[in-house]
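Colleague: Could you have a look at this structure, given as structure tokens, before my questions?
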Amino acid sequence: MLISCLMTSFVDWLNSQLAERKMSPADLARSMKKDQGIVSRILRGERKPSPETLEAISKALKLPVETVFQAAGILPTRNSDLSPKKRELLNRLEGADEETIQDTIDMLETALKMQQRRAPGGNMQKVKG
């Protein structure tokens, strides 16, 4: 069950990476120098990618290998120690386009500035994050 859950989230992550780059599964397979059937089985959740395949995916997508291994559930994510609300925020931003992400960053900066102004002692108060 855990493997199935990890595979589903990796498949979703990989599909979002392909969509973001306007790449097809065939494009990914060519970039990886792998058979298209391998990529198709991974994207259908029928095959768990090997470490070598994950490395090829990282090169094809021009991502750090750690990022791909984290998405595949092999390495812990950097946000594993975040609170549930912070993790929810990151998860919601996962599929957002760049404009939405920038808007969210701008709103967050405004909210943090308002929090600093409300804190006792004025702007010198350190904000926990």
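Just so we're on the same page: first chain in the structure tokens is A, next is B, and so on; residues restart at 1 for each chain, and ligands are numbered from 1 in the order they show up.
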Can you pull out every residue within 10 Å of region 48-62 of chain A, counting only C-alpha atoms, but drop anything in the same chain fewer than 2 positions away, and send it as number ranges by chain?

Modeller: A: 3-4, 6-7, 10-11, 14, 17-18, 21, 23, 27-34, 38-39, 41-43, 45-46, 64-69, 71-72, 74

Colleague: Using N, CA and C atoms, can you write the selected residues to a file as a compact mmCIF listing (two decimals), in the first residue's frame?

Modeller:
# COMPACT_ATOMS: atom_id res chain seq x y z
N ILE A 3 3.97 1.56 -1.09
CA ILE A 3 4.61 1.68 -2.40
C ILE A 3 3.62 2.24 -3.41
N SER A 4 2.39 1.76 -3.37
CA SER A 4 1.36 2.25 -4.28
C SER A 4 1.12 3.74 -4.07
N LEU A 6 3.27 5.93 -2.73
CA LEU A 6 4.46 6.66 -3.18
C LEU A 6 4.50 6.73 -4.69
N MET A 7 4.16 5.63 -5.36
CA MET A 7 4.17 5.62 -6.81
C MET A 7 3.15 6.61 -7.36
N PHE A 10 4.54 10.02 -7.04
CA PHE A 10 5.64 10.21 -7.99
C PHE A 10 5.09 10.36 -9.40
N VAL A 11 4.11 9.54 -9.76
CA VAL A 11 3.49 9.65 -11.08
C VAL A 11 2.88 11.04 -11.26
N LEU A 14 5.75 13.51 -11.63
CA LEU A 14 6.40 13.40 -12.93
C LEU A 14 5.50 13.97 -14.03
N GLN A 17 5.74 17.66 -13.90
CA GLN A 17 7.01 18.13 -14.45
C GLN A 17 6.98 18.11 -15.98
N LEU A 18 6.40 17.07 -16.55
CA LEU A 18 6.29 17.00 -18.01
C LEU A 18 5.39 18.12 -18.54
N ARG A 21 6.99 21.49 -18.60
CA ARG A 21 8.00 21.63 -19.65
C ARG A 21 7.41 21.40 -21.06
N MET A 23 6.48 18.63 -22.27
CA MET A 23 7.13 17.43 -22.79
C MET A 23 6.12 16.29 -22.80
N ASP A 27 8.97 12.35 -25.49
CA ASP A 27 10.08 13.31 -25.37
C ASP A 27 10.99 12.93 -24.19
N LEU A 28 10.36 12.59 -23.07
CA LEU A 28 11.13 12.20 -21.89
C LEU A 28 11.96 10.96 -22.18
N ALA A 29 11.34 9.96 -22.79
CA ALA A 29 12.06 8.72 -23.10
C ALA A 29 13.26 9.00 -24.00
N ARG A 30 13.07 9.83 -25.01
CA ARG A 30 14.19 10.19 -25.91
C ARG A 30 15.30 10.88 -25.14
N SER A 31 14.93 11.84 -24.29
CA SER A 31 15.93 12.57 -23.50
C SER A 31 16.67 11.65 -22.54
N MET A 32 15.96 10.64 -22.04
CA MET A 32 16.56 9.68 -21.11
C MET A 32 17.37 8.60 -21.82
N LYS A 33 17.17 8.51 -23.15
CA LYS A 33 17.78 7.43 -23.94
C LYS A 33 17.28 6.06 -23.43
N LYS A 34 15.97 6.01 -23.15
CA LYS A 34 15.32 4.79 -22.67
C LYS A 34 14.16 4.47 -23.59
N ILE A 38 9.15 1.87 -21.03
CA ILE A 38 9.55 2.03 -19.63
C ILE A 38 8.89 3.26 -19.03
N VAL A 39 8.97 4.36 -19.76
CA VAL A 39 8.38 5.62 -19.28
C VAL A 39 6.87 5.46 -19.16
N ARG A 41 5.11 2.74 -18.59
CA ARG A 41 4.77 1.91 -17.44
C ARG A 41 4.97 2.66 -16.13
N ILE A 42 5.99 3.50 -16.05
CA ILE A 42 6.20 4.33 -14.86
C ILE A 42 5.03 5.30 -14.70
N LEU A 43 4.63 5.95 -15.79
CA LEU A 43 3.56 6.94 -15.74
C LEU A 43 2.19 6.32 -15.46
N GLY A 45 2.00 3.86 -13.34
CA GLY A 45 2.16 3.30 -12.01
C GLY A 45 2.38 1.80 -12.01
N GLU A 46 2.73 1.25 -13.16
CA GLU A 46 2.92 -0.20 -13.28
C GLU A 46 4.36 -0.63 -13.01
N PRO A 64 18.16 18.53 -10.11
CA PRO A 64 19.10 17.82 -9.25
C PRO A 64 18.59 16.41 -8.97
N VAL A 65 19.49 15.45 -8.97
CA VAL A 65 19.09 14.06 -8.74
C VAL A 65 18.39 13.91 -7.40
N GLU A 66 18.78 14.72 -6.40
CA GLU A 66 18.14 14.66 -5.08
C GLU A 66 16.66 14.99 -5.18
N THR A 67 16.31 15.94 -6.02
CA THR A 67 14.91 16.34 -6.19
C THR A 67 14.08 15.18 -6.69
N VAL A 68 14.60 14.46 -7.67
CA VAL A 68 13.87 13.33 -8.26
C VAL A 68 13.78 12.18 -7.25
N PHE A 69 14.87 11.92 -6.53
CA PHE A 69 14.85 10.86 -5.52
C PHE A 69 13.88 11.21 -4.38
N ALA A 71 11.14 13.08 -4.77
CA ALA A 71 9.80 12.92 -5.35
C ALA A 71 9.40 11.45 -5.41
N ALA A 72 10.40 10.57 -5.61
CA ALA A 72 10.13 9.13 -5.68
C ALA A 72 10.04 8.50 -4.30
N ILE A 74 12.50 8.10 -2.16
CA ILE A 74 13.73 7.40 -1.77
C ILE A 74 14.51 8.21 -0.76

Colleague: Calculate how many Å separate CA of Leu63 (chain A) from CA of Lys22 (chain A), rounding to one decimal.

Modeller: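 CA of Lys22 (chain A) lies 15.4 Å from CA of Leu63 (chain A).
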
Colleague: According to DSSP computed on the backbone, where in chain A is there helix (DSSP H, G or I)? Give the residues as an MDAnalysis selection string.

Modeller: chainID A and resid 2:21 25:32 36:43 51:61 65:71 78:81 84:93 98:118 122:124

Colleague: Take CA of Gly73 (chain A) and CA of Arg92 (chain A) and report the distance between them in Å, one decimal.

Modeller: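 A separation of 18.5 Å between them.
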
Colleague: Near Gly95 (chain A), within 10 Å and counting only C-alpha atoms, which residues show up once chain neighbours fewer than 3 positions away are dropped, as a VMD selection string?

Modeller: chain A and resid 12 to 13 16 to 17 19 to 20 90 to 92 98 100 to 101

Colleague: Output N, CA and C atoms for every residue in the selection just made, as a compact mmCIF listing (two decimals), in the first residue's frame.

Modeller:
# COMPACT_ATOMS: atom_id res chain seq x y z
N ASP A 12 2.16 11.50 -10.25
CA ASP A 12 1.57 12.85 -10.31
C ASP A 12 2.66 13.91 -10.46
N TRP A 13 3.72 13.76 -9.65
CA TRP A 13 4.84 14.72 -9.71
C TRP A 13 5.47 14.70 -11.09
N SER A 16 3.31 16.33 -13.68
CA SER A 16 3.31 17.79 -13.56
C SER A 16 4.62 18.38 -14.11
N GLN A 17 5.74 17.66 -13.90
CA GLN A 17 7.01 18.13 -14.45
C GLN A 17 6.98 18.11 -15.98
N ALA A 19 4.25 18.33 -17.88
CA ALA A 19 3.32 19.38 -18.32
C ALA A 19 3.97 20.75 -18.24
N GLU A 20 4.71 20.99 -17.16
CA GLU A 20 5.38 22.27 -16.97
C GLU A 20 6.36 22.55 -18.10
N LEU A 90 2.64 24.03 0.69
CA LEU A 90 3.55 23.57 -0.35
C LEU A 90 2.85 22.62 -1.32
N ASN A 91 2.03 21.73 -0.80
CA ASN A 91 1.31 20.79 -1.66
C ASN A 91 0.36 21.52 -2.60
N ARG A 92 -0.30 22.55 -2.09
CA ARG A 92 -1.23 23.30 -2.94
C ARG A 92 -0.50 24.07 -4.04
N GLU A 98 3.57 29.71 -12.55
CA GLU A 98 4.54 30.66 -11.99
C GLU A 98 3.87 31.96 -11.52
N THR A 100 0.81 32.38 -10.35
CA THR A 100 0.11 32.10 -9.09
C THR A 100 1.10 31.98 -7.94
N ILE A 101 2.22 31.33 -8.19
CA ILE A 101 3.25 31.18 -7.15
C ILE A 101 3.78 32.56 -6.75

Colleague: Figure out the distance between CA of Pro25 (chain A) and CA of Gly37 (chain A), please, to one decimal in Å.

Modeller: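 Taking CA of Gly37 (chain A) and CA of Pro25 (chain A), their separation equals 9.4 Å.
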